[in-house]
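A.B. asks: Quick one: this structure, given as structure tokens, is what I'll be asking you about.
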Amino acid sequence: MTENAQQSGEAGHLNATLGLGGVTLFGLAYMAPIIVLGIFGVIAEASAGASAGSYLLATVAMLFTAASYAKMSVHYPVAGSSYTYVRKALDSRLGFLVGWTILLDYLFLPLVIWLIGAAYLTGEFPSVPAWVWIVLFIVVTTALNILGLKVADKANLILMVLQFLVIALFVGFAVAYMVSHHGSGSLLSVTPITGSGGFSAIAAGAAIAAYSFLGFDAVSTLTEDTKNPQRNIPRAIMLVALIGGVVFVAVAYTLTLVQPGGTFANADSLAADTARTIGGALFAAFFVAGLIIGQFTSGLAAQASVSRLLYAMGRDSVLPKKFFGRVSPRFFTPVFNIVLCGLIGLGAVFLSVATSTSFINFGAFTAFTLVNLSVIGYYVRHRHEQRLNPLTYLVIPLIGAVVDVYLLTKLGSAALTLGVIWMLIGVGYLLVLTRGLRVPPPELSLAE
């Protein structure tokens, strides 16, 4: 029996054992809060020194969008998330295009993870070129995923605890450093929120900062494992977005006190230098080790996830089945898809952290916008048969959609260009699959 068959067989025997706390912890682990340290320098430059303000704006945007995800998770408690919500509430063809943008996120997420890890290792070992670390990440994670190695849930929980420990120590050392060098009054400042570039710069930083929130919607995949899912899943989605936002704003604020301004010689690995400044060489080594372990584990899971998504798309004939729908008879893993993801990851050699995260956020903001609109679509379709509150089904999702579109326009020109090209390819492929929109697009069964 293949791995996928085993998973399918086990799916019918899931026990609803998770409460609100357990589901929220899963969402936070998936989000990987330590990423705020990984991309702090990039956001500081984009926002002209207003990282905390950028994260605050991103948090507001994500809370509006999370509210829409929470609504739709109640009405459509099945796998598929934004793909399913848009397909069922708006249109199957729009749903396909949302699925296409999700694929963009999945395909390039491992690339970004490996790129961030390489940036920090290059900072620690400047004599080793960044491309060496990128290739090493790709080779090791590709080999492990082909062999079918899985990271246990307990390991993920331990990793999450380690992340919060690193974050807590980082903030603690930063506060102690500021008090000892500049007095306690230095802890209160509006500069980390306002910066020096005005609201436009804050929004540009927020467009990148939204990358840190990716994963809050993953909570919706635990419906079958959760007690009272119609109550706990929506609450967990909101809690994950809110807790993540509070952590991100607090960390960005504290780091900006130590590293003010918006121009740095080494923005991609700025947090490592800050760790050395506030905690010495030993803490800096601990910080980098924790970050790299987190990046490696996250990259392993991200590559495994995209290979399974590509397999599902091949199995359901959304992509050519001959290539994408095959499982290795020896390893019982989708080897072609895993290797393809690794080859795409080599593009990290030619990209910066800012460009690659912005590219991913193009897909995220597109999906977020359409999920908000799907809530409005649900209201229009069902307002006569169900008692639906116009405030939560019209006003809030409309605000969420407007904010998402605004942040989308604040992405860099390179990200917007690449994103539009990706969408045009998706539209062309949709026309081929539907014979010029004459037949419905194939439906992707993400539940298997």
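Scheme for the structure tokens: letters A, B, ... for chains in order shown; per-chain residue numbers from 1; ligand numbers from 1 in order shown.
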Please identify all polymer residues within 12 Å of region 239-247 of chain A, counting only C-alpha atoms, omitting same-chain residues fewer than 5 positions from it, and present them as a PyMOL selection string.
C.D. replies: chain A and resi 20-37+52-67+69-70+163-164+167-168+171+206+209-220+232-234+252-254
A.B. asks: May I have all residues of region 12-76 of chain A that DSSP, computed from the backbone, assigns to helix (DSSP H, G or I), given as a VMD selection string?
C.D. replies: chain A and resid 20 to 31 35 to 38 40 to 46 51 to 75
A.B. asks: Kindly provide the residues of region 140-203 of chain A that approach region 336-355 of chain A to within 12 Å, each paired with its closest atom pair and their distance in Å to one decimal, based on only C-alpha atoms, listed by chain and increasing number, as CSV.
C.D. replies:
residue,atom,partner,partner_atom,distance
A:Val140,CA,A:Gly342,CA,10.0
A:Thr141,CA,A:Gly342,CA,8.5
A:Thr142,CA,A:Ile338,CA,6.3
A:Ala143,CA,A:Val339,CA,8.9
A:Leu144,CA,A:Ile338,CA,10.0
A:Asn145,CA,A:Ile338,CA,7.1
A:Ile146,CA,A:Ile338,CA,6.9
A:Leu147,CA,A:Ile338,CA,10.6
A:Gly148,CA,A:Ile338,CA,10.6
A.B. asks: Residues at most 9 Å from Ile116 (chain A), counting only C-alpha atoms, excluding those fewer than 3 positions away in the same chain, as a ChimeraX atom specification?
C.D. replies: /A:38-39,111-113,119-121,268-269,292,295,353
A.B. asks: Mind giving me the straight-line distance from CA of Ile360 (chain A) to CA of Phe108 (chain A) in Å, one decimal?
C.D. replies: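 So the answer is 6.6 Å.
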A.B. asks: Which of these residues is nearest to Ala414 (chain A), using only C-alpha atoms: A:Thr434, A:Thr226, A:Ser358, A:Asn266?
C.D. replies: A:Ser358
A.B. asks: How many Å separate CA of His382 (chain A) from CA of Pro397 (chain A)?
C.D. replies: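 These two atoms are separated by 15.9 Å.
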A.B. asks: Please provide the set of residues having any atom within 7 Å of region 83-86 of chain A, restricted to only C-alpha atoms, with same-chain residues fewer than 5 positions apart removed, written as a ChimeraX atom specification.
C.D. replies: /A:72,76,91,94-96,98-99,370-371,374
A.B. asks: Can you write just those residues out, C-alpha atoms, as a PDB file, in the first residue's frame?
C.D. replies:
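Output contents, as saved in selection-v1.pdb:
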ATOM      1  CA  MET A  72     -16.088  30.224   5.419  1.00  0.00           C
ATOM      2  CA  TYR A  76     -17.492  24.712   4.179  1.00  0.00           C
ATOM      3  CA  ASP A  91     -17.321  30.462  -9.332  1.00  0.00           C
ATOM      4  CA  LEU A  94     -12.250  31.700 -10.096  1.00  0.00           C
ATOM      5  CA  GLY A  95     -11.665  28.828  -7.697  1.00  0.00           C
ATOM      6  CA  PHE A  96      -9.250  27.289 -10.200  1.00  0.00           C
ATOM      7  CA  VAL A  98      -7.130  30.786  -6.671  1.00  0.00           C
ATOM      8  CA  GLY A  99      -5.758  27.261  -6.667  1.00  0.00           C
ATOM      9  CA  LEU A 370     -10.997  36.458  -3.223  1.00  0.00           C
ATOM     10  CA  VAL A 371     -11.718  34.733   0.102  1.00  0.00           C
ATOM     11  CA  SER A 374     -16.387  34.822  -1.302  1.00  0.00           C
TER      12      SER A 374
END
A.B. asks: Of the candidates A:Ala302, A:Ile202, A:Ala271, A:Leu431, which shows the shortest atom-to-atom distance to Leu255 (chain A), using only C-alpha atoms?
C.D. replies: A:Ala271
A.B. asks: Out of A:Phe323, A:Tyr379, A:Tyr429, A:Tyr406, which residue has the shortest atom-to-atom distance to Ala89 (chain A) when counting only C-alpha atoms?
C.D. replies: A:Tyr379
A.B. asks: May I have the residues within 12 Å of Gly412 (chain A) as a list of chain:residue names, using only C-alpha atoms and disregarding those fewer than 4 positions away in the same chain?
C.D. replies: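 Neighbouring residues, sequence-local ones excluded: A:Ala46, A:Ala201, A:Ala203, A:Ala204, A:Gly205, A:Ala206, A:Ala207, A:Ile208, A:Ser352, A:Ala354, A:Thr355, A:Ser356, A:Thr357, A:Ser358, A:Phe359, A:Ile360, A:Asn361, A:Phe362, A:Leu407, A:Leu408, A:Leu416, A:Thr417, A:Leu418, A:Gly419.
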